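A.B. asks: Provided below: input38.pdb, containing PDB, C-alpha atoms.
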```pdb
ATOM      1  CA  MET Z 702     -61.902 162.387   1.166
ATOM      2  CA  LYS Z 703     -60.274 160.029  -1.337
ATOM      3  CA  GLU Z 704     -58.887 163.020  -3.245
ATOM      4  CA  TYR Z 705     -57.135 164.395  -0.127
ATOM      5  CA  TRP Z 706     -55.754 160.942   0.728
ATOM      6  CA  ASN Z 707     -54.325 160.606  -2.770
ATOM      7  CA  MET Z 708     -52.731 164.051  -2.485
ATOM      8  CA  PHE Z 709     -51.120 163.033   0.813
ATOM      9  CA  ILE Z 710     -49.780 159.795  -0.638
ATOM     10  CA  LYS Z 711     -48.467 161.683  -3.662
ATOM     11  CA  GLU Z 712     -46.458 163.953  -1.364
ATOM     12  CA  LEU Z 713     -44.897 160.892   0.258
ATOM     13  CA  THR Z 714     -44.002 159.050  -2.879
ATOM     14  CA  ASP Z 715     -42.946 161.623  -5.460
ATOM     15  CA  GLY Z 716     -39.284 160.976  -4.729
ATOM     16  CA  ASP Z 717     -39.324 162.955  -1.486
ATOM     17  CA  ALA Z 718     -37.388 161.170   1.264
ATOM     18  CA  TYR Z 719     -38.083 163.935   3.779
ATOM     19  CA  PHE Z 720     -40.673 163.875   6.530
ATOM     20  CA  LEU Z 721     -40.142 167.559   7.290
ATOM     21  CA  GLN Z 722     -38.129 170.408   5.772
ATOM     22  CA  ILE Z 723     -38.087 173.804   7.462
ATOM     23  CA  LYS Z 724     -35.357 176.205   6.330
ATOM     24  CA  ASN Z 725     -32.091 174.491   7.309
ATOM     25  CA  VAL Z 726     -33.763 171.664   9.232
ATOM     26  CA  SER Z 727     -34.471 168.452   7.336
ATOM     27  CA  ILE Z 728     -35.868 165.264   8.859
ATOM     28  CA  ARG Z 729     -35.951 162.115   6.732
ATOM     29  CA  TRP Z 730     -38.628 159.446   6.840
ATOM     30  CA  TYR Z 731     -35.778 156.975   7.326
ATOM     31  CA  SER Z 732     -34.919 158.545  10.688
ATOM     32  CA  VAL Z 733     -38.549 158.914  11.754
ATOM     33  CA  LEU Z 734     -39.392 155.284  11.058
ATOM     34  CA  ILE Z 735     -36.300 153.983  12.846
ATOM     35  CA  LEU Z 736     -37.237 156.135  15.858
ATOM     36  CA  ILE Z 737     -40.810 154.812  15.787
ATOM     37  CA  GLY Z 738     -39.516 151.239  15.659
ATOM     38  CA  ALA Z 739     -37.178 151.882  18.588
ATOM     39  CA  LEU Z 740     -39.898 153.490  20.738
ATOM     40  CA  ILE Z 741     -42.383 150.684  20.062
ATOM     41  CA  SER Z 742     -39.691 148.123  20.902
ATOM     42  CA  ILE Z 743     -38.887 149.795  24.220
ATOM     43  CA  GLY Z 744     -42.583 149.968  25.107
ATOM     44  CA  MET Z 745     -43.047 146.256  24.371
ATOM     45  CA  LEU Z 746     -39.913 145.365  26.327
ATOM     46  CA  LEU Z 747     -41.143 147.266  29.366
ATOM     47  CA  LYS Z 748     -44.510 145.515  29.245
ATOM     48  CA  GLU Z 749     -42.925 142.065  28.975
ATOM     49  CA  ALA Z 750     -40.364 142.883  31.668
ATOM     50  CA  LYS Z 751     -43.139 143.795  34.076
ATOM     51  CA  ARG Z 752     -44.882 140.495  33.335
ATOM     52  CA  ILE Z 753     -41.854 138.326  34.085
ATOM     53  CA  GLY Z 754     -40.411 140.352  36.936
ATOM     54  CA  ILE Z 755     -37.511 142.403  35.518
ATOM     55  CA  SER Z 756     -37.226 145.984  36.699
ATOM     56  CA  LYS Z 757     -38.033 148.973  34.498
ATOM     57  CA  ASP Z 758     -34.682 150.629  35.220
ATOM     58  CA  PHE Z 759     -32.777 147.582  34.023
ATOM     59  CA  ILE Z 760     -34.716 147.518  30.744
ATOM     60  CA  PHE Z 761     -34.367 151.276  30.138
ATOM     61  CA  ASN Z 762     -30.598 151.157  30.593
ATOM     62  CA  LEU Z 763     -30.244 147.946  28.623
ATOM     63  CA  ALA Z 764     -32.331 149.315  25.732
ATOM     64  CA  PHE Z 765     -30.423 152.623  25.732
ATOM     65  CA  TRP Z 766     -26.998 151.019  25.350
ATOM     66  CA  THR Z 767     -28.167 148.216  23.066
ATOM     67  CA  ILE Z 768     -29.840 150.614  20.629
ATOM     68  CA  ILE Z 769     -26.856 152.976  20.564
ATOM     69  CA  MET Z 770     -24.321 150.186  20.078
ATOM     70  CA  GLY Z 771     -26.645 148.510  17.587
ATOM     71  CA  PHE Z 772     -26.718 151.651  15.435
ATOM     72  CA  ILE Z 773     -22.952 152.008  15.658
ATOM     73  CA  GLY Z 774     -22.451 148.344  14.762
ATOM     74  CA  ALA Z 775     -24.917 148.554  11.863
ATOM     75  CA  ARG Z 776     -23.113 151.588  10.451
ATOM     76  CA  ILE Z 777     -19.586 150.207  10.902
ATOM     77  CA  TYR Z 778     -20.632 146.944   9.251
ATOM     78  CA  TYR Z 779     -22.079 148.822   6.262
ATOM     79  CA  VAL Z 780     -19.096 151.163   5.922
ATOM     80  CA  ILE Z 781     -16.609 148.266   5.989
ATOM     81  CA  PHE Z 782     -18.228 146.605   3.000
ATOM     82  CA  LYS Z 783     -19.090 149.851   1.171
ATOM     83  CA  PHE Z 784     -15.971 151.845   2.006
ATOM     84  CA  SER Z 785     -15.552 152.931  -1.622
ATOM     85  CA  LEU Z 786     -18.602 155.169  -1.119
ATOM     86  CA  PHE Z 787     -16.969 156.990   1.798
ATOM     87  CA  LYS Z 788     -13.224 157.054   1.079
ATOM     88  CA  ASP Z 789     -13.357 160.477  -0.627
ATOM     89  CA  ASP Z 790     -15.588 162.016   2.050
ATOM     90  CA  LEU Z 791     -14.971 160.408   5.426
ATOM     91  CA  LEU Z 792     -17.353 162.779   7.208
ATOM     92  CA  SER Z 793     -20.224 161.220   5.266
ATOM     93  CA  ILE Z 794     -19.707 158.101   7.394
ATOM     94  CA  PHE Z 795     -21.599 159.914  10.161
ATOM     95  CA  LYS Z 796     -24.624 160.760   7.972
ATOM     96  CA  ILE Z 797     -26.643 157.729   8.999
ATOM     97  CA  TRP Z 798     -29.930 159.551   8.348
ATOM     98  CA  GLU Z 799     -29.226 159.195   4.624
ATOM     99  CA  GLY Z 800     -29.351 155.399   4.903
ATOM    100  CA  GLY Z 801     -26.651 152.781   5.080
ATOM    101  CA  LEU Z 802     -27.346 150.637   8.140
ATOM    102  CA  ALA Z 803     -26.777 146.888   7.929
ATOM    103  CA  ILE Z 804     -29.086 144.941  10.236
ATOM    104  CA  HIS Z 805     -26.616 142.089  10.706
ATOM    105  CA  GLY Z 806     -24.045 144.511  12.091
ATOM    106  CA  GLY Z 807     -26.682 145.882  14.441
ATOM    107  CA  ILE Z 808     -27.685 142.404  15.617
ATOM    108  CA  ILE Z 809     -24.069 141.436  16.329
ATOM    109  CA  ALA Z 810     -23.213 144.662  18.188
ATOM    110  CA  GLY Z 811     -26.529 144.668  20.045
ATOM    111  CA  ALA Z 812     -26.143 141.042  21.125
ATOM    112  CA  ILE Z 813     -22.625 141.669  22.442
ATOM    113  CA  THR Z 814     -23.866 144.717  24.372
ATOM    114  CA  MET Z 815     -26.759 142.762  25.874
ATOM    115  CA  PHE Z 816     -24.484 139.880  26.848
ATOM    116  CA  VAL Z 817     -22.020 142.169  28.660
ATOM    117  CA  TYR Z 818     -24.835 144.054  30.383
ATOM    118  CA  CYS Z 819     -26.687 140.915  31.496
ATOM    119  CA  LYS Z 820     -23.429 139.405  32.715
ATOM    120  CA  LYS Z 821     -22.712 142.498  34.770
ATOM    121  CA  TYR Z 822     -26.071 142.385  36.560
ATOM    122  CA  HIS Z 823     -26.385 138.581  36.724
ATOM    123  CA  VAL Z 824     -29.482 138.417  34.515
ATOM    124  CA  GLN Z 825     -30.075 135.371  32.309
ATOM    125  CA  PHE Z 826     -28.965 136.464  28.840
ATOM    126  CA  PHE Z 827     -31.235 134.254  26.752
ATOM    127  CA  ARG Z 828     -34.290 135.174  28.804
ATOM    128  CA  VAL Z 829     -33.617 138.788  27.888
ATOM    129  CA  THR Z 830     -33.001 137.983  24.214
ATOM    130  CA  ASP Z 831     -36.282 136.046  24.179
ATOM    131  CA  MET Z 832     -37.922 139.243  25.386
ATOM    132  CA  ALA Z 833     -36.114 141.312  22.757
ATOM    133  CA  VAL Z 834     -36.384 139.349  19.503
ATOM    134  CA  PRO Z 835     -40.125 139.932  18.868
ATOM    135  CA  CYS Z 836     -39.488 143.648  19.416
ATOM    136  CA  LEU Z 837     -36.470 143.539  17.116
ATOM    137  CA  ILE Z 838     -38.208 141.852  14.215
ATOM    138  CA  LEU Z 839     -41.166 144.246  14.484
ATOM    139  CA  ALA Z 840     -38.740 147.186  14.416
ATOM    140  CA  GLN Z 841     -37.157 145.628  11.317
ATOM    141  CA  ALA Z 842     -40.583 145.457   9.662
ATOM    142  CA  ILE Z 843     -41.121 149.155  10.359
ATOM    143  CA  GLY Z 844     -37.584 150.184   9.468
ATOM    144  CA  ARG Z 845     -37.774 148.639   5.988
ATOM    145  CA  TRP Z 846     -40.249 151.371   5.069
ATOM    146  CA  GLY Z 847     -37.437 153.836   5.632
ATOM    147  CA  ASN Z 848     -35.651 152.061   2.782
ATOM    148  CA  PHE Z 849     -38.765 152.612   0.681
ATOM    149  CA  PHE Z 850     -38.658 156.367   1.170
ATOM    150  CA  ASN Z 851     -34.914 156.428   0.534
ATOM    151  CA  GLY Z 852     -35.353 154.466  -2.685
ATOM    152  CA  GLU Z 853     -33.067 151.636  -1.558
ATOM    153  CA  ALA Z 854     -33.161 147.915  -0.672
ATOM    154  CA  HIS Z 855     -35.057 147.170  -3.858
ATOM    155  CA  GLY Z 856     -34.733 144.373  -6.379
ATOM    156  CA  VAL Z 857     -34.141 144.246 -10.107
ATOM    157  CA  ALA Z 858     -35.767 146.498 -12.678
ATOM    158  CA  VAL Z 859     -39.271 145.343 -13.632
ATOM    159  CA  SER Z 860     -42.155 146.592 -15.728
ATOM    160  CA  LEU Z 861     -45.124 148.571 -14.506
ATOM    161  CA  ALA Z 862     -47.330 145.666 -15.572
ATOM    162  CA  HIS Z 863     -45.380 143.322 -13.276
ATOM    163  CA  LEU Z 864     -46.003 145.531 -10.240
ATOM    164  CA  GLN Z 865     -49.666 145.918 -11.122
ATOM    165  CA  LYS Z 866     -50.036 142.118 -11.290
ATOM    166  CA  LEU Z 867     -48.885 141.985  -7.657
ATOM    167  CA  HIS Z 868     -51.975 144.019  -6.682
ATOM    168  CA  LEU Z 869     -49.856 146.524  -4.785
ATOM    169  CA  PRO Z 870     -51.280 149.820  -3.528
ATOM    170  CA  GLN Z 871     -50.657 152.574  -6.049
ATOM    171  CA  PHE Z 872     -48.429 154.566  -3.698
ATOM    172  CA  ILE Z 873     -45.993 151.635  -3.482
ATOM    173  CA  ILE Z 874     -45.931 151.317  -7.250
ATOM    174  CA  ASN Z 875     -45.266 155.052  -7.501
ATOM    175  CA  GLY Z 876     -42.502 154.807  -4.924
ATOM    176  CA  MET Z 877     -40.863 151.954  -6.798
ATOM    177  CA  LYS Z 878     -40.330 154.220  -9.796
ATOM    178  CA  ILE Z 879     -36.785 155.418  -9.158
ATOM    179  CA  GLY Z 880     -34.993 157.449 -11.776
ATOM    180  CA  GLY Z 881     -37.721 156.652 -14.271
ATOM    181  CA  ILE Z 882     -37.353 152.872 -13.776
ATOM    182  CA  TYR Z 883     -39.631 150.530 -11.831
ATOM    183  CA  TYR Z 884     -38.025 148.088  -9.367
ATOM    184  CA  GLU Z 885     -39.051 144.959  -7.450
ATOM    185  CA  PRO Z 886     -40.215 146.043  -3.951
ATOM    186  CA  THR Z 887     -38.019 143.663  -1.956
ATOM    187  CA  PHE Z 888     -38.236 146.051   0.992
ATOM    188  CA  LEU Z 889     -41.951 145.219   1.156
ATOM    189  CA  TYR Z 890     -41.403 141.463   0.968
ATOM    190  CA  GLU Z 891     -38.971 141.605   3.883
ATOM    191  CA  SER Z 892     -41.204 143.943   5.880
ATOM    192  CA  LEU Z 893     -44.190 141.595   5.538
ATOM    193  CA  ALA Z 894     -42.041 138.561   6.354
ATOM    194  CA  CYS Z 895     -40.770 140.299   9.492
ATOM    195  CA  LEU Z 896     -44.325 141.157  10.507
ATOM    196  CA  LEU Z 897     -45.283 137.495  10.144
ATOM    197  CA  GLY Z 898     -42.185 136.554  12.151
ATOM    198  CA  PHE Z 899     -43.294 138.910  14.914
ATOM    199  CA  ILE Z 900     -46.675 137.183  15.153
ATOM    200  CA  ILE Z 901     -45.037 133.748  15.210
ATOM    201  CA  LEU Z 902     -42.601 134.739  17.968
ATOM    202  CA  ILE Z 903     -45.330 136.270  20.133
ATOM    203  CA  ILE Z 904     -47.377 133.067  19.845
ATOM    204  CA  ILE Z 905     -44.362 130.867  20.655
ATOM    205  CA  ARG Z 906     -43.388 132.998  23.646
ATOM    206  CA  ARG Z 907     -46.800 132.561  25.241
ATOM    207  CA  LEU Z 908     -46.755 128.756  25.033
ATOM    208  CA  LYS Z 909     -46.918 127.247  28.500
ATOM    209  CA  TYR Z 910     -43.869 124.995  28.328
ATOM    210  CA  ILE Z 911     -41.601 127.089  26.113
ATOM    211  CA  LYS Z 912     -38.000 127.023  27.300
ATOM    212  CA  VAL Z 913     -35.623 129.954  27.675
ATOM    213  CA  GLY Z 914     -33.724 130.502  24.436
ATOM    214  CA  THR Z 915     -36.361 129.018  22.130
ATOM    215  CA  CYS Z 916     -37.646 132.363  20.826
ATOM    216  CA  THR Z 917     -34.097 133.518  20.192
ATOM    217  CA  ALA Z 918     -33.286 130.346  18.261
ATOM    218  CA  VAL Z 919     -36.469 130.580  16.192
ATOM    219  CA  TYR Z 920     -35.740 134.229  15.387
ATOM    220  CA  LEU Z 921     -32.218 133.391  14.207
ATOM    221  CA  MET Z 922     -33.454 130.593  11.967
ATOM    222  CA  TYR Z 923     -36.534 132.414  10.662
ATOM    223  CA  TYR Z 924     -34.816 135.675   9.805
ATOM    224  CA  ALA Z 925     -31.851 133.796   8.337
ATOM    225  CA  VAL Z 926     -34.172 132.077   5.841
ATOM    226  CA  VAL Z 927     -36.045 135.307   5.059
ATOM    227  CA  ARG Z 928     -32.896 137.326   4.497
ATOM    228  CA  PHE Z 929     -31.187 134.577   2.481
ATOM    229  CA  ILE Z 930     -34.124 134.552   0.054
ATOM    230  CA  ILE Z 931     -34.529 138.345  -0.105
ATOM    231  CA  GLU Z 932     -30.809 138.900  -0.553
ATOM    232  CA  GLY Z 933     -30.908 136.842  -3.724
ATOM    233  CA  MET Z 934     -33.408 139.341  -5.140
ATOM    234  CA  ARG Z 935     -31.689 142.584  -4.122
ATOM    235  CA  THR Z 936     -29.327 144.570  -6.324
ATOM    236  CA  ASP Z 937     -27.535 146.517  -3.582
ATOM    237  CA  ALA Z 938     -26.117 143.615  -1.553
ATOM    238  CA  LEU Z 939     -22.915 144.030   0.456
ATOM    239  CA  LEU Z 940     -20.223 141.922  -1.172
ATOM    240  CA  LEU Z 941     -17.061 140.169  -0.036
ATOM    241  CA  GLY Z 942     -15.456 139.320  -3.318
ATOM    242  CA  GLU Z 943     -18.286 137.639  -5.198
ATOM    243  CA  LEU Z 944     -20.074 136.467  -2.058
ATOM    244  CA  LYS Z 945     -23.141 138.243  -0.716
ATOM    245  CA  VAL Z 946     -22.194 138.890   2.902
ATOM    246  CA  ALA Z 947     -25.772 138.774   4.201
ATOM    247  CA  ARG Z 948     -26.213 135.267   2.771
ATOM    248  CA  VAL Z 949     -23.067 134.046   4.514
ATOM    249  CA  ILE Z 950     -24.195 135.579   7.826
ATOM    250  CA  SER Z 951     -27.675 134.107   7.319
ATOM    251  CA  ILE Z 952     -26.234 130.612   6.988
ATOM    252  CA  ILE Z 953     -24.236 131.120  10.197
ATOM    253  CA  MET Z 954     -27.331 132.450  11.989
ATOM    254  CA  PHE Z 955     -29.417 129.481  10.877
ATOM    255  CA  ILE Z 956     -26.828 126.942  12.009
ATOM    256  CA  PHE Z 957     -26.408 128.708  15.371
ATOM    257  CA  GLY Z 958     -30.183 128.812  15.896
ATOM    258  CA  LEU Z 959     -30.529 125.144  14.966
ATOM    259  CA  LEU Z 960     -27.776 124.133  17.398
ATOM    260  CA  MET Z 961     -29.505 126.166  20.110
ATOM    261  CA  LEU Z 962     -32.798 124.340  19.518
ATOM    262  CA  MET Z 963     -31.037 120.973  19.617
ATOM    263  CA  LEU Z 964     -29.401 121.806  22.956
ATOM    264  CA  ILE Z 965     -32.627 123.216  24.397
ATOM    265  CA  SER Z 966     -34.583 120.093  23.370
ATOM    266  CA  ARG Z 967     -32.264 117.936  25.482
ATOM    267  CA  LYS Z 968     -33.474 119.614  28.672
ATOM    268  CA  GLY Z 969     -36.342 118.292  30.737
ATOM    269  CA  ARG Z 970     -39.879 119.357  29.876
ATOM    270  CA  PHE Z 971     -40.221 121.565  32.944
ATOM    271  CA  GLU Z 972     -36.615 122.783  33.056
ATOM    272  CA  ASN Z 973     -35.759 126.475  32.560
ATOM    273  CA  LEU Z 974     -39.198 127.556  31.328
ATOM    274  CA  TYR Z 975     -39.493 131.104  29.979
ATOM    275  CA  ASN Z 976     -42.924 131.752  31.464
ATOM    276  CA  GLU Z 977     -42.002 130.382  34.884
ATOM    277  CA  MET Z 978     -42.008 133.421  37.118
ATOM    278  CA  PRO Z 979     -38.807 133.937  39.177
ATOM    279  CA  GLU Z 980     -39.224 133.778  42.933
ATOM    280  CA  GLU Z 981     -37.830 137.284  43.317
ATOM    281  CA  LYS Z 982     -37.946 140.190  40.931
ATOM    282  CA  ILE Z 983     -34.756 140.915  39.015
ATOM    283  CA  ARG Z 984     -33.819 144.384  40.177
ATOM    284  CA  PHE Z 985     -31.383 146.842  38.706
TER     285      PHE Z 985
END
```
Show me the file's structure as structure tokens.
C.D. replies:
Amino acid sequence: MKEYWNMFIKELTDGDAYFLQIKNVSIRWYSVLILIGALISIGMLLKEAKRIGISKDFIFNLAFWTIIMGFIGARIYYVIFKFSLFKDDLLSIFKIWEGGLAIHGGIIAGAITMFVYCKKYHVQFFRVTDMAVPCLILAQAIGRWGNFFNGEAHGVAVSLAHLQKLHLPQFIINGMKIGGIYYEPTFLYESLACLLGFIILIIIRRLKYIKVGTCTAVYLMYYAVVRFIIEGMRTDALLLGELKVARVISIIMFIFGLLMLMLISRKGRFENLYNEMPEEKIRF
């Protein structure tokens, strides 16, 4: 059994970024993992929406537009700061399955989409973002493995001995050998940090007296710290001059989240509670 498992892992990590290749049809792991993350997120959103009284139709439509605009925003953000990679082949801008999505661009575009949609249907925006952020950070944890298969989002070159000292599974060590050189698996560090963030947010959201907006604020601050640290280790950061763009955005996110928490803390203990069921269901 162990022999077959090792053969399977070898197929995944011998530099093959493809989940499936049949004649002219190629499907990358990157695309598959992003799809898995999106489907899990929608399923979790629907379950939470049912619990707090928001209709399924509203969530389906919200998720549809938010995910689409999030992808577009993530790609535009990446292309803006890496335009030199696309200027000689503009059609390659549309090849998102090859990688090149910036999560900060997706967060910004997705948040704007959600705000407009919630405004249109008179739904409390921060209640919806509190529902969404645990799903988002879990999807981020899953999506980082797409970077692994694409051989991107890694850190500096390291020795094999360094990776072995980290007690990593062998398939990760194998996958971190790119072009004959071993690299720091920063994708893994961020994935694990996002998974921990997911657990933290789920626990916070179930607290009895948690106020609307708290989960969103904690997400902004938590992910800002995680990304600020990870970005210092990565070698493929998006740059604005000599500044790492993700670090600048992380600082802004942290400050915004902190200000949110300060404003929320000024409200009464029983005011605007997340887990306080609305008198009537929010219908689409």
A.B. asks: Quick one: residues within 7 Å of region 958-968 of chain Z, all atoms listed in the file, excluding same-chain residues fewer than 6 positions away - as a PDB file with C-alpha atoms, in the coordinates of the input?
C.D. replies:
```pdb
ATOM      1  CA  THR Z 915     -36.361 129.018  22.130  1.00  0.00           C
ATOM      2  CA  ALA Z 918     -33.286 130.346  18.261  1.00  0.00           C
ATOM      3  CA  VAL Z 919     -36.469 130.580  16.192  1.00  0.00           C
ATOM      4  CA  LEU Z 921     -32.218 133.391  14.207  1.00  0.00           C
ATOM      5  CA  MET Z 922     -33.454 130.593  11.967  1.00  0.00           C
TER       6      MET Z 922
END
```
A.B. asks: Mind listing whatever residues come within 12 Å of the point (-21.1, 141.9, 5.9)? Use all atoms listed in the file, file coordinates, and give them as a PyMOL selection string.
C.D. replies: chain Z and resi 774-784+802-809+938-942+944-951
A.B. asks: Let me see the file: selected residues, C-alpha atoms, as a PDB file, in the coordinates of the input.
C.D. replies:
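Result file follows (part.pdb):
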```
ATOM      1  CA  GLY Z 774     -22.451 148.344  14.762  1.00  0.00           C
ATOM      2  CA  ALA Z 775     -24.917 148.554  11.863  1.00  0.00           C
ATOM      3  CA  ARG Z 776     -23.113 151.588  10.451  1.00  0.00           C
ATOM      4  CA  ILE Z 777     -19.586 150.207  10.902  1.00  0.00           C
ATOM      5  CA  TYR Z 778     -20.632 146.944   9.251  1.00  0.00           C
ATOM      6  CA  TYR Z 779     -22.079 148.822   6.262  1.00  0.00           C
ATOM      7  CA  VAL Z 780     -19.096 151.163   5.922  1.00  0.00           C
ATOM      8  CA  ILE Z 781     -16.609 148.266   5.989  1.00  0.00           C
ATOM      9  CA  PHE Z 782     -18.228 146.605   3.000  1.00  0.00           C
ATOM     10  CA  LYS Z 783     -19.090 149.851   1.171  1.00  0.00           C
ATOM     11  CA  PHE Z 784     -15.971 151.845   2.006  1.00  0.00           C
ATOM     12  CA  LEU Z 802     -27.346 150.637   8.140  1.00  0.00           C
ATOM     13  CA  ALA Z 803     -26.777 146.888   7.929  1.00  0.00           C
ATOM     14  CA  ILE Z 804     -29.086 144.941  10.236  1.00  0.00           C
ATOM     15  CA  HIS Z 805     -26.616 142.089  10.706  1.00  0.00           C
ATOM     16  CA  GLY Z 806     -24.045 144.511  12.091  1.00  0.00           C
ATOM     17  CA  GLY Z 807     -26.682 145.882  14.441  1.00  0.00           C
ATOM     18  CA  ILE Z 808     -27.685 142.404  15.617  1.00  0.00           C
ATOM     19  CA  ILE Z 809     -24.069 141.436  16.329  1.00  0.00           C
ATOM     20  CA  ALA Z 938     -26.117 143.615  -1.553  1.00  0.00           C
ATOM     21  CA  LEU Z 939     -22.915 144.030   0.456  1.00  0.00           C
ATOM     22  CA  LEU Z 940     -20.223 141.922  -1.172  1.00  0.00           C
ATOM     23  CA  LEU Z 941     -17.061 140.169  -0.036  1.00  0.00           C
ATOM     24  CA  GLY Z 942     -15.456 139.320  -3.318  1.00  0.00           C
ATOM     25  CA  LEU Z 944     -20.074 136.467  -2.058  1.00  0.00           C
ATOM     26  CA  LYS Z 945     -23.141 138.243  -0.716  1.00  0.00           C
ATOM     27  CA  VAL Z 946     -22.194 138.890   2.902  1.00  0.00           C
ATOM     28  CA  ALA Z 947     -25.772 138.774   4.201  1.00  0.00           C
ATOM     29  CA  ARG Z 948     -26.213 135.267   2.771  1.00  0.00           C
ATOM     30  CA  VAL Z 949     -23.067 134.046   4.514  1.00  0.00           C
ATOM     31  CA  ILE Z 950     -24.195 135.579   7.826  1.00  0.00           C
ATOM     32  CA  SER Z 951     -27.675 134.107   7.319  1.00  0.00           C
TER      33      SER Z 951
END
```
A.B. asks: Kindly give the distance, in Å, that separates CA of Ile773 (chain Z) and CA of Ile794 (chain Z), rounded to a single decimal.
C.D. replies: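 Between these atoms lies a distance of 10.8 Å.
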A.B. asks: May I ask which of the residues Z:Leu897, Z:Ile760, Z:Ala862, Z:Leu791 is the closest one to Thr830 (chain Z), counting all atoms listed in the file?
C.D. replies: Z:Ile760
A.B. asks: Could you give me, as a list in words, the residues that have an atom at most 6 Å away from the point (-30.8, 158.9, 9.0) in the coordinates of the file, using only C-alpha atoms?
C.D. replies: Tyr731, Ser732, Ile797, Trp798, Glu799 and Gly800 of chain Z
A.B. asks: Spell out the residues picked by the PyMOL selection byres ((chain Z and resi 770) around 8) here, as a PyMOL selection string.
C.D. replies: chain Z and resi 766-769+771-774+807+810-811+814
A.B. asks: Could you state the separation of CA of Ala833 (chain Z) and CA of Met815 (chain Z) in Å, given to one decimal place?
C.D. replies: 10.0 Å
A.B. asks: Determine, counting all atoms listed in the file, which protein, DNA and RNA residues have an atom within 6 Å of an atom of Tyr883 (chain Z); residues of the same chain fewer than 2 positions away are not included. Present the result as a VMD selection string.
C.D. replies: chain Z and resid 858 to 859 877 to 878
A.B. asks: Once the PyMOL selection byres ((chain Z and resi 925) around 7) is applied to the coordinates I shared, what remains selected? I want it as a VMD selection string.
C.D. replies: chain Z and resid 921 to 924 926 to 929 951 to 952 954 to 955
A.B. asks: In Å, how far is it from CA of Ala854 (chain Z) to CA of Tyr890 (chain Z)?
C.D. replies: 10.6 Å
